[in-house]
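Undergrad: Once you've had a glance at the structure underneath, I'll fire off some questions.
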Amino acid sequence: MTMVPYRVVVHVDEMACWPLALTNLRNLLNDVGRESLRAELVANGPAVAFYADLPETVEKFPSSWQEGFYRELIGEMSGLHSQNVQFIACANALRANHLDPARLLPLVQVVPAGITEIVRKQHEGYAYVKP
Amino acid sequence: MTMVPYRVVVHVDEMACWPLALTNLRNLLNDVGRESLRAELVANGPAVAFYADLPETVEKFPSSWQEGFYRELIGEMSGLHSQNVQFIACANALRANHLDPARLLPLVQVVPAGITEIVRKQHEGYAYVKP
Amino acid sequence: MTMVPYRVVVHVDEMACWPLALTNLRNLLNDVGRESLRAELVANGPAVAFYADLPETVEKFPSSWQEGFYRELIGEMSGLHSQNVQFIACANALRANHLDPARLLPLVQVVPAGITEIVRKQHEGYAYVKP
C-alpha cells in the first residue's frame, strides 16, 4: 500500500483561530497538491459554533470579524471540502454549546468525541497542527 | 507487548486553557475507557500556577473564573487522576513563577523540563494535543 | 543510522507566543544537550513579523512588550541558532504581511509554506510543540 505523502489533522477549539486554520489548509493544499494530501479539521470546544449556520450563533463570533467575513470563511471551507478536506465536529462540544447536529452545514461530519478523533489520527500517522 | 490503544500528552501553558484541557481529557476517558488510555497532562509556562493550591496564586487566575470555579476544576483534576491520568509540572516553570514544588497539590509530579517530557512522549508514540 | 534522540518542530503563529517558544527551546537544549537535539522553529501567520528587524514591524508587537524586550528575544534567538536551532519563516505569511524576505534577519531560512514544513517534519519523526 502506498501511503499518501502528507497527512494532517488540524485542531480548532477557539472561534478566533478559524481564519488561520483555513489559511494553513489552503497553503498546504496549494503547496503539495490534492493527490498528495489527506487532511481533516476537527473542531471542538466553542469553535464548533462556526459550523452552525444560524443567526443565533453569530453572537459567538469574535467582534473583530466584520460583516461578510464569516461568509468568506464559509466559502473558503466549502472550497477546501470540494478538494477533499474533511470538516469534523465534536458531538460533546455541540451539546455543551446547545447546538443541534441536524442544523449544521451539510458538509460537516459529526464524531462522538473530537479529542478521540485527533488522537486516533495521530496514531494512524497523521501530523497534528494547532493554528 | 500489546500497546494501549490511545496514548496522549496534553500540553497546557496558559491558565485560561485549563478548563478545556480537563474537558478534553474527560471526554476522551469517557469515550475510550480507562483501560484503553494512557494520558498525561504537562503544564509549563504560567499555567503551572494552577497546581499550587495557595492564596497568592489566585491572582494569576483569569478574571473570568468565578469564585468556586477553580475548586470545581481541581475536583475534576482529582477525578481524572483517580482514573489514571497523570498531571505533571515543569520545574523550570515553577522556578520562573516563584512556586515551591513542595507546596503543590500532592497528585502533581514534577519533571526537570516539561518540554522534554512532551517531546519524549511523542517519540514513544503518544499523540500531542494543545487545547 | 543512529537517530538523534530528541527531534522537535516548534510552531509559532502569534507574536505573543515568541517568548514562551524561545524559553521552551532553551529549556530543552539545556536539559538534553546540543548533541542530542534536532530542533527547528517554524513561524507562520502574523508571527513572521518577529523576523523582520525593521522599525515598521514594531507596531505589530504585543503592547505588553516593553522597550528592549524585543532586543532580548532576538539575542536569545541568535544564541539558540548558534547552538544549531533552526529558525524558519513561511513565504506565504511573509507575503500576506507585506514583508520582504530579503530584509529578514540573516539567520532566518524561508520555506515556501510553513505548514508543509511542519507536517513533513512530523512525518520524519519530529515531535510537534505549539507554545
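Residue names in the C-alpha cells use chain letters A, B, ... in the order shown, residue numbers from 1 in each chain, and ligand numbers from 1 in the order shown.
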Pull out every residue of chain B sitting within 9 Å of chain C, counting only C-alpha atoms, and send them as a list in words.
TA: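 Listing them in order of chain and number gives His11, Val12, Asp13, Asn44, Gly45, Asn92, Pro112, Ala113, Gly114, Ile115, Thr116, Ile118, Val119, Arg120, Lys121, Gln122, His123, Tyr128 and Lys130 of chain B.
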Undergrad: Could you name the residues that touch C:Leu22 at 9 Å or less, counting only C-alpha atoms, but leaving out those on the same chain fewer than 6 positions away, as a VMD selection string?
TA: chain C and resid 41 73 76 to 77 80
Undergrad: List as a PDB file with C-alpha atoms, in the first residue's frame the protein and nucleic acid residues near A:Arg71, meaning an atom at most 12 Å away when only C-alpha atoms are counted, but skip any in the same chain fewer than 4 places from it.
TA:
ATOM      1  CA  PRO A  19      -9.197  32.099   9.698  1.00  0.00           C
ATOM      2  CA  PHE A  50     -18.651  28.080  13.304  1.00  0.00           C
ATOM      3  CA  TYR A  51     -20.375  25.079  11.714  1.00  0.00           C
ATOM      4  CA  ASP A  53     -25.109  28.497  10.013  1.00  0.00           C
ATOM      5  CA  LEU A  54     -27.616  30.118  12.317  1.00  0.00           C
ATOM      6  CA  VAL A  58     -23.282  34.984  15.209  1.00  0.00           C
ATOM      7  CA  TRP A  65     -14.984  39.715  12.347  1.00  0.00           C
ATOM      8  CA  GLN A  66     -16.612  42.246  10.078  1.00  0.00           C
ATOM      9  CA  GLU A  67     -19.879  41.578   8.322  1.00  0.00           C
ATOM     10  CA  GLY A  75     -16.912  29.887   1.215  1.00  0.00           C
ATOM     11  CA  GLU A  76     -13.280  29.003   1.799  1.00  0.00           C
ATOM     12  CA  MET A  77     -14.316  25.990   3.897  1.00  0.00           C
ATOM     13  CA  SER A  78     -16.613  24.783   1.091  1.00  0.00           C
TER      14      SER A  78
END
Undergrad: Please compute the atom CA of A:Phe87-atom CA of C:Ala96 distance, one decimal, in Å.
TA: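 We find that atom CA of A:Phe87 and atom CA of C:Ala96 lie 24.8 Å from each other.
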Undergrad: What parts of stretch 25-109 of chain C does DSSP call strand (DSSP E)? I'd like the answer as a ChimeraX atom specification.
TA: /C:37-43,86-90,109
Undergrad: Selection from above, C-alpha atoms, as a PDB file, in the first residue's frame, can you write it?
TA:
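Output file again_26.pdb is given in full below:
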ATOM      1  CA  LEU C  37      18.757  17.572  19.779  1.00  0.00           C
ATOM      2  CA  ARG C  38      17.477  18.494  16.326  1.00  0.00           C
ATOM      3  CA  ALA C  39      15.194  21.486  16.744  1.00  0.00           C
ATOM      4  CA  GLU C  40      13.585  23.984  14.468  1.00  0.00           C
ATOM      5  CA  LEU C  41      11.049  26.728  14.932  1.00  0.00           C
ATOM      6  CA  VAL C  42       8.602  27.412  12.111  1.00  0.00           C
ATOM      7  CA  ALA C  43       6.838  30.777  12.162  1.00  0.00           C
ATOM      8  CA  GLN C  86      16.948  26.421  13.000  1.00  0.00           C
ATOM      9  CA  PHE C  87      14.567  29.356  12.512  1.00  0.00           C
ATOM     10  CA  ILE C  88      12.215  29.184   9.564  1.00  0.00           C
ATOM     11  CA  ALA C  89       9.728  31.614   8.018  1.00  0.00           C
ATOM     12  CA  CYS C  90       6.751  30.814   5.795  1.00  0.00           C
ATOM     13  CA  GLN C 109      15.575  30.439   6.452  1.00  0.00           C
TER      14      GLN C 109
END
